[in-house]
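Below is one structure, written out as structure tokens; comments come after it.
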Amino acid sequence: MSEFSNALSASTAGMKAQATRLRHVSENISNVDTPGYRRKTVPFEMRHSQMSGPDLVSVGRVRLDRSDLDRIYDPSNPLADDTGHYDGSNVDLMIEIADAREAQRSYEANLKMFEQTRDMSSRLMDLLRN
Amino acid sequence: MFSNLAVFQTSSAMAAHAGERQSVIAQNIANADTPGYKARDIADFTRIMRQSGDGMVATRQGHIRGEAPDIRARESRDSEAPSDPNRNTVSLEIEMMKSVDVKRQHDRALAIYRSAMNVLRASVSRS
């Protein structure tokens, strides 16, 4: 029985991590036009549990993408400097969408495992019923 | 009395093995995007069955003989598997396939258990 609960907690940790990742991706996408915004990235880490439980996945500290900001030419913008450029964000929509897709796919895989484990354990319980 | 019947032992060991393997697969899938994670697996039930030889089957050491459970011992990491650029070797497709395998093994074990139970019940019932 504890194997099932290990499997369930591993899947739950996976879904939680993917949901956090998806949240940061949506923050990035919503800030694509914010001047000076740096895209956030979340690293995934293995967290070893104290008691011989499963190794759960968790997200580490949020990091900012240090790559160069996009220079946008718009002399009429109040933020523009002498050359008429100002700093945009370094969010690339294509990358964010791809990241969101990957997060969704992994989330679904975790959800599927969760359902399947629950199904297996309920079938086991059915043995007691009749 | 029931625990001495080999069919019950085998089927419950099979179901326990399925549960164990399901847990390993769930960990693999949860870590499908963790950099540097190596996919794990545990040995097939048939291989364990063959190794133990007689009808006495234990999926892990503590299961029947009452010793401390040692799951890690049989966990293997496939280092030869192709990895992503972040050195992760989990393939969601393969894990899905394995999990369906495990599900079927578990269902099969429970079906065998149930059927043996029915036979037993028929033999001890009065009418």
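Following the order of the structure tokens, chains are lettered A, B, ..., residues in each are numbered from 1, and ligands are numbered from 1.
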
Shell of 8 Å around stretch 95-98 of chain B, only C-alpha atoms, local chain residues under 5 positions omitted, as a PDB file with C-alpha atoms, in the first residue's frame:
```pdb
ATOM      1  CA  ALA A 109       1.740  12.362 -18.032  1.00  0.00           C
TER       2      ALA A 109
ATOM      3  CA  ILE B  25       7.734   4.734 -12.960  1.00  0.00           C
ATOM      4  CA  ASN B  28      10.599   8.738 -13.454  1.00  0.00           C
ATOM      5  CA  ILE B  29       7.684  10.621 -14.967  1.00  0.00           C
ATOM      6  CA  VAL B  90      13.535   9.717 -19.158  1.00  0.00           C
TER       7      VAL B  90
END
```

What are the residues of chain A lining chain B at 10 Å or less? Count only C-alpha atoms, and put the answer as a ChimeraX atom specification.
/A:1-18,43-46,52,54-59,102-103,105-107,109-114,116-117,119-121,123-124,126-128,130

Please produce an output containing C-alpha atoms for each residue in the selection, written as a short mmCIF file (atom, residue, chain, number, x, y, z; two decimals), in the first residue's frame.
```cif
data_model
loop_
_atom_site.label_atom_id
_atom_site.label_comp_id
_atom_site.auth_asym_id
_atom_site.auth_seq_id
_atom_site.Cartn_x
_atom_site.Cartn_y
_atom_site.Cartn_z
CA MET A 1 0.00 0.00 0.00
CA SER A 2 2.84 2.38 0.75
CA GLU A 3 4.14 1.84 -2.78
CA PHE A 4 0.89 3.27 -4.07
CA SER A 5 1.11 6.26 -1.79
CA ASN A 6 4.74 6.75 -2.84
CA ALA A 7 3.62 6.73 -6.47
CA LEU A 8 0.81 9.15 -5.73
CA SER A 9 3.06 11.58 -3.89
CA ALA A 10 5.68 11.43 -6.66
CA SER A 11 3.02 12.21 -9.28
CA THR A 12 1.61 15.01 -7.15
CA ALA A 13 5.05 16.58 -6.72
CA GLY A 14 5.54 16.36 -10.49
CA MET A 15 2.22 18.07 -11.19
CA LYS A 16 2.98 20.78 -8.67
CA ALA A 17 6.37 21.47 -10.22
CA GLN A 18 4.91 21.61 -13.73
CA PRO A 43 15.10 24.96 -12.32
CA PHE A 44 13.82 21.48 -11.48
CA GLU A 45 15.62 19.64 -8.72
CA MET A 46 15.43 16.28 -7.05
CA SER A 52 13.22 6.34 2.71
CA PRO A 54 10.36 8.49 -2.97
CA ASP A 55 12.65 11.10 -4.48
CA LEU A 56 10.31 13.96 -5.24
CA VAL A 57 10.82 16.64 -7.81
CA SER A 58 10.60 20.25 -6.75
CA VAL A 59 11.35 23.65 -8.22
CA GLU A 102 6.26 20.83 -22.67
CA ALA A 103 4.95 21.66 -19.20
CA ARG A 105 2.61 17.43 -21.74
CA SER A 106 4.52 16.50 -18.60
CA TYR A 107 1.60 17.53 -16.43
CA ALA A 109 1.74 12.36 -18.03
CA ASN A 110 1.81 12.85 -14.26
CA LEU A 111 -1.95 13.08 -14.12
CA LYS A 112 -2.27 9.87 -16.08
CA MET A 113 0.04 8.09 -13.68
CA PHE A 114 -1.96 9.43 -10.75
CA GLN A 116 -3.76 4.81 -13.01
CA THR A 117 -2.29 4.33 -9.55
CA ASP A 119 -7.37 2.82 -10.23
CA MET A 120 -4.96 0.05 -9.26
CA SER A 121 -5.41 0.68 -5.57
CA ARG A 123 -9.17 -2.51 -7.69
CA LEU A 124 -7.09 -3.93 -4.88
CA ASP A 126 -12.41 -4.36 -4.51
CA LEU A 127 -10.93 -7.72 -3.57
CA LEU A 128 -12.19 -7.18 -0.05
CA ASN A 130 -16.97 -9.66 -2.35
#
```

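For the set B:Ala43, B:Val119, B:Ile112, B:Val124, the residue with the smallest atom-to-atom gap to B:Phe8 is B:Ile112, counting only C-alpha atoms.
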
Got a sec to tell me which of chain A DSSP assigns to strand (DSSP E), as a CSV table (one decimal) with C-alpha atoms, in the first residue's frame?
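And here is the file that came out, selection-v2.csv:
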```
chain,number,residue,atom,x,y,z
A,40,LYS,CA,12.1,34.1,-15.3
A,41,THR,CA,13.3,30.5,-15.4
A,44,PHE,CA,13.8,21.5,-11.5
A,45,GLU,CA,15.6,19.6,-8.7
A,46,MET,CA,15.4,16.3,-7.0
A,47,ARG,CA,14.6,16.5,-3.4
A,56,LEU,CA,10.3,14.0,-5.2
A,57,VAL,CA,10.8,16.6,-7.8
A,58,SER,CA,10.6,20.3,-6.7
A,59,VAL,CA,11.3,23.6,-8.2
A,63,ARG,CA,16.3,32.7,-11.8
A,64,LEU,CA,16.3,35.6,-14.2
A,71,ARG,CA,16.8,47.2,-28.0
A,72,ILE,CA,13.7,48.8,-29.5
A,73,TYR,CA,13.9,51.8,-31.7
A,85,HIS,CA,16.3,53.2,-28.3
A,86,TYR,CA,14.9,51.8,-25.2
A,87,ASP,CA,15.2,48.4,-23.4
```

Picked from chain A by DSSP as helix (DSSP H, G or I), as a PyMOL selection string
chain A and resi 2-30+93-129

Shell around A:Ser26 at 12 Å using only C-alpha atoms, local window under 6 positions removed, as a PyMOL selection string
chain A and resi 19-20+32+39-41+91+93+95-101+103

For each of A:Val42, A:Thr83, A:His48, A:Tyr37, take the minimum atom-to-atom distance to A:Asp68, counting only C-alpha atoms, then give the residue where this is smallest.
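When distances to A:Asp68 are compared using only C-alpha atoms, the smallest one comes from A:Tyr37.
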